[in-house]
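A quick write-up on the structure given underneath.
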Amino acid sequence: MIKITFPDGSVREFAKGTTGFQIAESISPRLAQEVLAVGINGETWDLNRPICEDATIKLYKWDDEEGKHAYWHTSAHLMAEALQELYPGMKFGIGPAIENGFYYDVDPGDGVQIKENDLPAIEAKMMELVLRKEAVVRQDVSKAEALKMFEAKGDEYKTELISDLEDGTITLYSQGNFTDLCRGPHLPDTSHIKAIKLLSVAGAYWRGDESRKMLTRIYGITFPKKKMLDDYLVLLEEAKKRDHRRIGKELELFMFSETVGKGLPMWLPRGTSLRLRLEDFLKKIQRRFDYEQVITPHIGNKQLYVTSGHYAKYGKDSFQPIHTPEEGEEYLLKPMNCPHHCEIYKYKPRSYKDLPLRFAEFGTVYRYEQSGELHGLTRVRSFTQDDAHIFCRPDQLKEEFLKVMDIIFIIFKALDFENFEAQISLRDPENKEKYIGSDENWEKAERAIVEACEEKGLKARVELGEAAFYGPKLDFMVKDALGRRWQLGTIQVDYNLPERFELEYTGDDNQKHRPVMIHRAPFGSMERFVAVLIEHTAGKFPLWLTPDQVVILPISEKFNDYAYQIAKELFGKDIRVTVDDRNEKIGRKIRDNELKRIPYMLIVGEKEAENGEVSVRRQGEGDKGSMKVAEFSDLITDEVQKMMEQY
RNA sequence: GCUGUUGUAGCUCAGGGGUAGAGCACUUCCUUGGUAAGGAAGAGGUCGCGGGUUCAAAUCCCAUCAACAGCUCCA
């Protein structure tokens with residue numbers, strides 16, 4: 001007998017070799033139906049794998065990540081089985097479960113292409129296989145056996161994977177005629193899969209290596225119920241509607257022009273209005289934290305970037321130097337603001353009493369991003385960083401770091417970004433030569449970041465090898481409407497640039513010392529931040545931020561004069577207001593302005609004109625009744641003021 | 001940068017070897033209407049750009065540019 005400990009702490013005895021499925025069955029038939037995988041001492045196992053020792057157990061259902069994972073992993077195998085039947089000779093790369101569904105990388109062979117319109121046929125084949133209720137069988141084999149098997153099949157991808165594995169750890173999973181190298185775990189059979197949708201097909205390099213063959217990646221998702229799939233597809237449609245590229249067009253916030261160049265966004269009046277207000281907000285916060293604004297040119301001598309080290313690292317992949325009429329002069333569009341700010345630091349001798357110095361600039365930078373990377377406003381070739389560089393003494397580093405975190409938290413709170421993730425990026429200890437700077441400084445900087453996060457109680461994921469080449473960093477990311485993660489705010493410690501620019505201050509010992517630098521940008525870039533803000537709010541911006549706060553809708557042209565009179569009054573109180581004086585019926589004007597997401601609509605007709613009133617309508621909520629004009633302007637002013645007072 | 005898909009009116013899209021279509025937006029007129037689309041008429045495109053095949057190309061082919069999806073990259 002073996003002892004099985006359940007999550008609630010209870011312990012029961014089972015016969016040796018009992019499976020997870022049998023344990024679930026012993027609890028309830030319903031559970032046995034729903035359980036997908038089982039956690040054994042923290043490892044996820046197949047349901048039908050015999051348990052031969054005492055263990056703590058957890059039964060995973062659809063609602064558990066582990067359950068979904070097994071479900072989608074088996075779905076990936078099912079798709080592979082279907083592909084094998086439809087395309088004889090197809091070779092298989094890897095096919096994992098992912099956050100939403102699964103994919104399989106395959107090589108259909110020379111001359112064979114799988115296209116989007118082939119997907120329904122593959123789905124149909126998968127459904128056909130599901131009906132066969134094939135059991136998924138796990139099998140341990142030796143490395144030699146596995147190699148022999150896949151070599152016989154001619155599958156060079158699998159043999160490559162096997163070659164990298166340790167002998168004795170190799171497991172295979174089979175269902176029907178399909179056998180795959182796989183760690184598992186899997187569902188006991190494929191009949192659990194009820195609803196299938198293959199979503200897209202795209203190229204993906206074998207093992208993520210640019211220099212190797214590009215395989216065909218097929219993405220799909222499956223569900224235990226048809227309804228769940230339908231709901232998911234609706235969700236995807238909804239997400240598309242929040243896409244900032246679409247809303248940016250609808251609300252006339254920004255544009256691109258092929259003539260100007262790809263990846264070079266232009267801010268339309270309404271977008272600019274929104275962005276400037278965000279900038280003003282951050283400037284206000286920064287004033288409180290003793291930042292000083294500076295302004296630097298958009299270009300800099302190439303030598304500046306040779307000194308900073310950016311030229312050596314990114315020079316080849318950048319916009320190429322601008323040559324002046326004068327011989328031998330080369331300038332770069334600035335890809336970073338920091339070198340300029342270092343020069344500002346060097347403007348005059350600095351004393352330890354002057355530090356920290358905090359130079360802030362909304363600095364527009366230019367980077368030659370790969371063309372395939374460009375994406376709306378989130379990945380562009382010219383963008384404005386809400387940049388600042390803090391020059392401080394080493395003993396001030398942690399405190400300064402904490403203050404920057406405060407600013408970022410203020411910004412995120414003010415804009416209702418509660419669901420951000422934080423990531424500490426450290427250097428890869430195996431590859432120290434990729435980074436510049438001394439071991440000692442790296443260790444100091446990394447420690448400062450980790451400690452700062454601990455002090456703030458911030459749960460941050462630690463990623464090795466993700467640091468910038470000059471220092472470790474703390475990044476804040478949020479997901480866009482389609483679940484893609486984007487980095488917004490960033491804080492980076494830098495011992496390197498002060499070294500390269502030979503920055504100094506005089507200490508209380510009258511000796512020269514080297515300051516530490518912090519790069520930070522709470523928004524990250526204005527472009528990316530606004531993009532994410534658009535998706536976050538679906539274009540319904542908070543009142544204090546939105547380009548148009550109020551629109552006045554006269555019932556008929558007879559009341560246009562009254563409408564303009566009120567508009568003037570509100571405008572005088574700093575309220576952003578327009579008049580919809582089109583020759584349209586009121587229902588039409590309401591509809592159009594609802595779609596423009598203007599927070600307040602004021603409907604004015606005979607009644608209102610007589611009494612000096614406005615009839616108030618809130619976007620998305622409807623009629624709020626009528627009130628005096630002054631009463632309304634107070635309402636707006638108060639609402640904005642209340643928000644601003646918090647910060 | 002790589003692989004694939006797409007490119008037709010301001011926007012969303014249909015069509016497809018015989019010199020272009022819808023809805024919305026726009027203009028004008030009618031209507032002066034009370035809380036999510038009033039009516040009529042009109043204007044607007046050398047079908048991304050450049051080659052080729054053909055009697056004939058927006059349609060087929062090649063090249064190029066851009067957008068989209070994914071991969072790789074991201075100071």
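Residues in the structure tokens are numbered from 1 in each chain, the chains being A, B, ... in the order shown, and ligands are numbered from 1 in the order shown.
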
In region 252-308 of chain A, DSSP helix (DSSP H, G or I) residues written as a list in words: Pro269, Arg270, Gly271, Thr272, Ser273, Leu274, Arg275, Leu276, Arg277, Leu278, Glu279, Asp280, Phe281, Leu282, Lys283, Lys284, Ile285, Gln286, Arg287, Arg288, Lys302, Gln303, Leu304, Tyr305, Val306, Thr307 and Ser308 of chain A

Would you kindly return, as a VMD selection string, each protein, DNA or RNA residue with an atom no farther than 12 Å from any atom of G70 (chain B), considering only C-alpha atoms (C1' of nucleotides) and excluding same-chain residues fewer than 5 positions away? (chain A and resid 103 105 199 to 205 208 214 to 219 372 to 373) or (chain B and resid 2 to 5)

Output file for the selection above: N, CA, C and O atoms (P, O5', C5', C4', C3', O3' and C1' of nucleotides), as a short mmCIF file (atom, residue, chain, number, x, y, z; two decimals), in the first residue's frame:
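File written: out.cif
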data_model
loop_
_atom_site.label_atom_id
_atom_site.label_comp_id
_atom_site.auth_asym_id
_atom_site.auth_seq_id
_atom_site.Cartn_x
_atom_site.Cartn_y
_atom_site.Cartn_z
N TYR A 103 0.91 24.98 -30.48
CA TYR A 103 1.34 25.02 -31.88
C TYR A 103 2.19 23.79 -32.16
O TYR A 103 2.60 23.08 -31.24
N ASP A 105 5.55 22.95 -34.84
CA ASP A 105 6.44 23.35 -35.94
C ASP A 105 6.71 22.13 -36.80
O ASP A 105 7.19 21.12 -36.29
N LEU A 199 -5.81 28.28 -35.79
CA LEU A 199 -5.94 29.73 -35.88
C LEU A 199 -5.09 30.37 -36.97
O LEU A 199 -5.54 31.25 -37.68
N SER A 200 -3.85 29.94 -37.08
CA SER A 200 -3.00 30.62 -38.05
C SER A 200 -1.80 29.76 -38.39
O SER A 200 -1.49 28.79 -37.70
N VAL A 201 -1.13 30.11 -39.45
CA VAL A 201 0.08 29.42 -39.83
C VAL A 201 1.14 30.48 -40.13
O VAL A 201 0.84 31.52 -40.70
N ALA A 202 2.36 30.24 -39.67
CA ALA A 202 3.42 31.23 -39.84
C ALA A 202 4.76 30.51 -39.85
O ALA A 202 4.85 29.34 -39.47
N GLY A 203 5.77 31.18 -40.30
CA GLY A 203 7.10 30.59 -40.30
C GLY A 203 7.75 30.73 -38.94
O GLY A 203 7.48 31.67 -38.22
N ALA A 204 8.59 29.78 -38.59
CA ALA A 204 9.35 29.88 -37.34
C ALA A 204 10.66 29.14 -37.53
O ALA A 204 10.68 28.02 -38.03
N TYR A 205 11.75 29.78 -37.16
CA TYR A 205 13.05 29.14 -37.34
C TYR A 205 13.18 27.92 -36.45
O TYR A 205 12.71 27.92 -35.30
N GLY A 208 14.47 28.34 -32.99
CA GLY A 208 14.56 29.78 -32.79
C GLY A 208 15.83 30.39 -33.32
O GLY A 208 16.19 31.51 -32.97
N MET A 214 13.61 27.45 -41.80
CA MET A 214 12.34 27.94 -41.30
C MET A 214 11.28 26.87 -41.46
O MET A 214 11.05 26.36 -42.56
N LEU A 215 10.66 26.52 -40.36
CA LEU A 215 9.60 25.52 -40.38
C LEU A 215 8.25 26.22 -40.45
O LEU A 215 8.16 27.43 -40.29
N THR A 216 7.23 25.43 -40.67
CA THR A 216 5.88 25.96 -40.69
C THR A 216 5.26 25.76 -39.32
O THR A 216 5.24 24.64 -38.81
N ARG A 217 4.82 26.84 -38.72
CA ARG A 217 4.20 26.72 -37.39
C ARG A 217 2.71 26.88 -37.53
O ARG A 217 2.22 27.85 -38.11
N ILE A 218 1.98 25.90 -37.01
CA ILE A 218 0.52 25.98 -37.03
C ILE A 218 0.02 26.19 -35.61
O ILE A 218 0.34 25.42 -34.71
N TYR A 219 -0.73 27.27 -35.42
CA TYR A 219 -1.29 27.58 -34.11
C TYR A 219 -2.73 27.10 -34.05
O TYR A 219 -3.48 27.23 -35.02
N GLY A 372 10.42 43.94 -40.04
CA GLY A 372 9.40 43.00 -39.61
C GLY A 372 8.94 43.22 -38.18
O GLY A 372 7.98 42.61 -37.74
N GLU A 373 9.66 44.08 -37.47
CA GLU A 373 9.32 44.33 -36.07
C GLU A 373 8.33 45.44 -35.89
O GLU A 373 7.74 45.61 -34.84
P C B 2 14.82 39.34 -46.16
"O5'" C B 2 14.43 38.03 -45.34
"C5'" C B 2 15.36 36.96 -45.19
"C4'" C B 2 14.73 35.84 -44.41
"C3'" C B 2 13.37 35.39 -44.93
"O3'" C B 2 13.50 34.46 -45.98
"C1'" C B 2 13.24 35.72 -42.60
P U B 3 12.41 34.47 -47.17
"O5'" U B 3 11.15 33.75 -46.52
"C5'" U B 3 11.19 32.36 -46.22
"C4'" U B 3 9.92 31.95 -45.53
"C3'" U B 3 8.63 32.38 -46.22
"O3'" U B 3 8.28 31.52 -47.29
"C1'" U B 3 8.47 32.86 -43.92
P G B 4 7.47 32.13 -48.53
"O5'" G B 4 6.01 32.40 -47.93
"C5'" G B 4 5.15 31.31 -47.65
"C4'" G B 4 3.97 31.79 -46.83
"C3'" G B 4 3.06 32.81 -47.49
"O3'" G B 4 2.15 32.19 -48.39
"C1'" G B 4 3.51 33.49 -45.28
P U B 5 1.48 33.04 -49.56
"O5'" U B 5 0.47 34.00 -48.79
"C5'" U B 5 -0.74 33.48 -48.24
"C4'" U B 5 -1.48 34.56 -47.51
"C3'" U B 5 -1.90 35.76 -48.35
"O3'" U B 5 -3.10 35.52 -49.05
"C1'" U B 5 -0.89 36.53 -46.36
#

Taking only C-alpha atoms (C1' of nucleotides) into account and nothing else, which residues of chain B lie no more than 8 Å away from chain A? Please answer as a count of residues only. 19

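For the choices A:Ala448, A:Ala124, A:Ile51, A:Cys182, the atom-to-atom distance to Ile491 (chain A) is smallest for A:Ala448 when using only C-alpha atoms.
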
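The two atoms in question, CA of Gly168 (chain A) and CA of Arg138 (chain A), are spaced 14.2 Å apart.
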
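In this model, the gap between CA of Leu415 (chain A) and CA of Thr537 (chain A) comes to 9.4 Å.
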
If you run DSSP over the backbone, which residues in region 116-218 of chain A end up strand (DSSP E or B)? Put them as a count of residues only. 33

Contacts of Lys512 (chain A) at 12 Å or less, counting only C-alpha atoms (C1' of nucleotides), minus same-chain residues fewer than 2 places along, as a VMD selection string? chain A and resid 349 to 352 393 502 to 510 514 to 515

Using only C-alpha atoms (C1' of nucleotides), which residues sit within 6 Å of region 8-18 of chain B once same-chain residues fewer than 6 positions away are excluded, as a list in words? G45, C47 and U59 of chain B

Mind checking which residues fall within 12 Å of Asp574 (chain A), counting only C-alpha atoms (C1' of nucleotides), ignoring those fewer than 5 positions away in the same chain, and posting them as a PDB file with N, CA, C and O atoms, in the first residue's frame?
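File written: result.pdb
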ATOM      1  N   TRP A 544      -9.826  63.786 -17.467  1.00  0.00           N
ATOM      2  CA  TRP A 544      -8.735  64.769 -17.412  1.00  0.00           C
ATOM      3  C   TRP A 544      -7.800  64.663 -18.600  1.00  0.00           C
ATOM      4  O   TRP A 544      -7.100  65.591 -18.957  1.00  0.00           O
ATOM      5  N   ASP A 548     -11.302  65.554 -26.256  1.00  0.00           N
ATOM      6  CA  ASP A 548     -12.531  66.352 -26.165  1.00  0.00           C
ATOM      7  C   ASP A 548     -13.315  65.894 -24.954  1.00  0.00           C
ATOM      8  O   ASP A 548     -13.666  64.732 -24.873  1.00  0.00           O
ATOM      9  N   GLN A 549     -13.590  66.840 -24.062  1.00  0.00           N
ATOM     10  CA  GLN A 549     -14.311  66.452 -22.843  1.00  0.00           C
ATOM     11  C   GLN A 549     -15.817  66.560 -23.030  1.00  0.00           C
ATOM     12  O   GLN A 549     -16.571  65.760 -22.498  1.00  0.00           O
ATOM     13  N   VAL A 550     -16.231  67.582 -23.764  1.00  0.00           N
ATOM     14  CA  VAL A 550     -17.652  67.886 -23.867  1.00  0.00           C
ATOM     15  C   VAL A 550     -17.993  68.225 -25.307  1.00  0.00           C
ATOM     16  O   VAL A 550     -17.216  68.884 -25.997  1.00  0.00           O
ATOM     17  N   ALA A 567     -20.610  77.063 -25.185  1.00  0.00           N
ATOM     18  CA  ALA A 567     -19.264  76.576 -25.504  1.00  0.00           C
ATOM     19  C   ALA A 567     -18.230  77.613 -25.075  1.00  0.00           C
ATOM     20  O   ALA A 567     -17.200  77.271 -24.488  1.00  0.00           O
ATOM     21  N   LYS A 568     -18.532  78.854 -25.363  1.00  0.00           N
ATOM     22  CA  LYS A 568     -17.602  79.932 -25.027  1.00  0.00           C
ATOM     23  C   LYS A 568     -17.423  80.013 -23.508  1.00  0.00           C
ATOM     24  O   LYS A 568     -16.305  80.166 -23.005  1.00  0.00           O
ATOM     25  N   GLU A 569     -18.536  79.872 -22.818  1.00  0.00           N
ATOM     26  CA  GLU A 569     -18.502  79.939 -21.359  1.00  0.00           C
ATOM     27  C   GLU A 569     -17.631  78.810 -20.790  1.00  0.00           C
ATOM     28  O   GLU A 569     -16.790  79.032 -19.923  1.00  0.00           O
ATOM     29  N   SER A 633     -20.424  73.152 -15.338  1.00  0.00           N
ATOM     30  CA  SER A 633     -18.987  73.431 -15.451  1.00  0.00           C
ATOM     31  C   SER A 633     -18.279  73.124 -14.130  1.00  0.00           C
ATOM     32  O   SER A 633     -17.154  72.652 -14.117  1.00  0.00           O
ATOM     33  N   ASP A 634     -18.990  73.352 -13.007  1.00  0.00           N
ATOM     34  CA  ASP A 634     -18.407  72.984 -11.703  1.00  0.00           C
ATOM     35  C   ASP A 634     -18.209  71.469 -11.618  1.00  0.00           C
ATOM     36  O   ASP A 634     -17.198  70.982 -11.118  1.00  0.00           O
ATOM     37  N   ILE A 636     -17.656  69.300 -13.985  1.00  0.00           N
ATOM     38  CA  ILE A 636     -16.500  68.886 -14.767  1.00  0.00           C
ATOM     39  C   ILE A 636     -15.202  69.276 -14.065  1.00  0.00           C
ATOM     40  O   ILE A 636     -14.292  68.466 -13.902  1.00  0.00           O
ATOM     41  N   THR A 637     -15.157  70.542 -13.669  1.00  0.00           N
ATOM     42  CA  THR A 637     -13.947  71.045 -13.039  1.00  0.00           C
ATOM     43  C   THR A 637     -13.625  70.243 -11.785  1.00  0.00           C
ATOM     44  O   THR A 637     -12.476  69.874 -11.547  1.00  0.00           O
ATOM     45  N   VAL A 640     -12.222  66.713 -12.594  1.00  0.00           N
ATOM     46  CA  VAL A 640     -10.820  66.744 -13.003  1.00  0.00           C
ATOM     47  C   VAL A 640      -9.919  67.085 -11.818  1.00  0.00           C
ATOM     48  O   VAL A 640      -8.887  66.452 -11.594  1.00  0.00           O
ATOM     49  N   GLN A 641     -10.373  68.092 -11.063  1.00  0.00           N
ATOM     50  CA  GLN A 641      -9.563  68.540  -9.939  1.00  0.00           C
ATOM     51  C   GLN A 641      -9.353  67.428  -8.914  1.00  0.00           C
ATOM     52  O   GLN A 641      -8.251  67.229  -8.421  1.00  0.00           O
TER      53      GLN A 641
END

Shell around region 147-155 of chain A at 12 Å using only C-alpha atoms (C1' of nucleotides), local window under 5 positions removed, as a ChimeraX atom specification: /A:84,88-94,106-109,141-142,160-165,167,170-172,178-181

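Nearest-residue note for A67 (chain B): choosing from A:Leu229, A:Arg49, A:Leu374, A:Val137, the minimum distance belongs to A:Leu374, counting only C-alpha atoms (C1' of nucleotides).
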
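Atom to atom, CA of Asp580 (chain A) and CA of Thr546 (chain A) stand 17.4 Å apart.
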
Judged by only C-alpha atoms, the minimum distance to Tyr435 (chain A) among A:Glu292, A:Asp386, A:Glu466, A:Asp230 is found for A:Glu466

Identify, on the basis of only C-alpha atoms (C1' of nucleotides), every residue whose closest approach to Thr19 (chain A) does not exceed 8 Å; exclude the query and any residue fewer than 3 positions from it along the same chain; express the result as a PyMOL selection string. chain A and resi 22-23+47-51
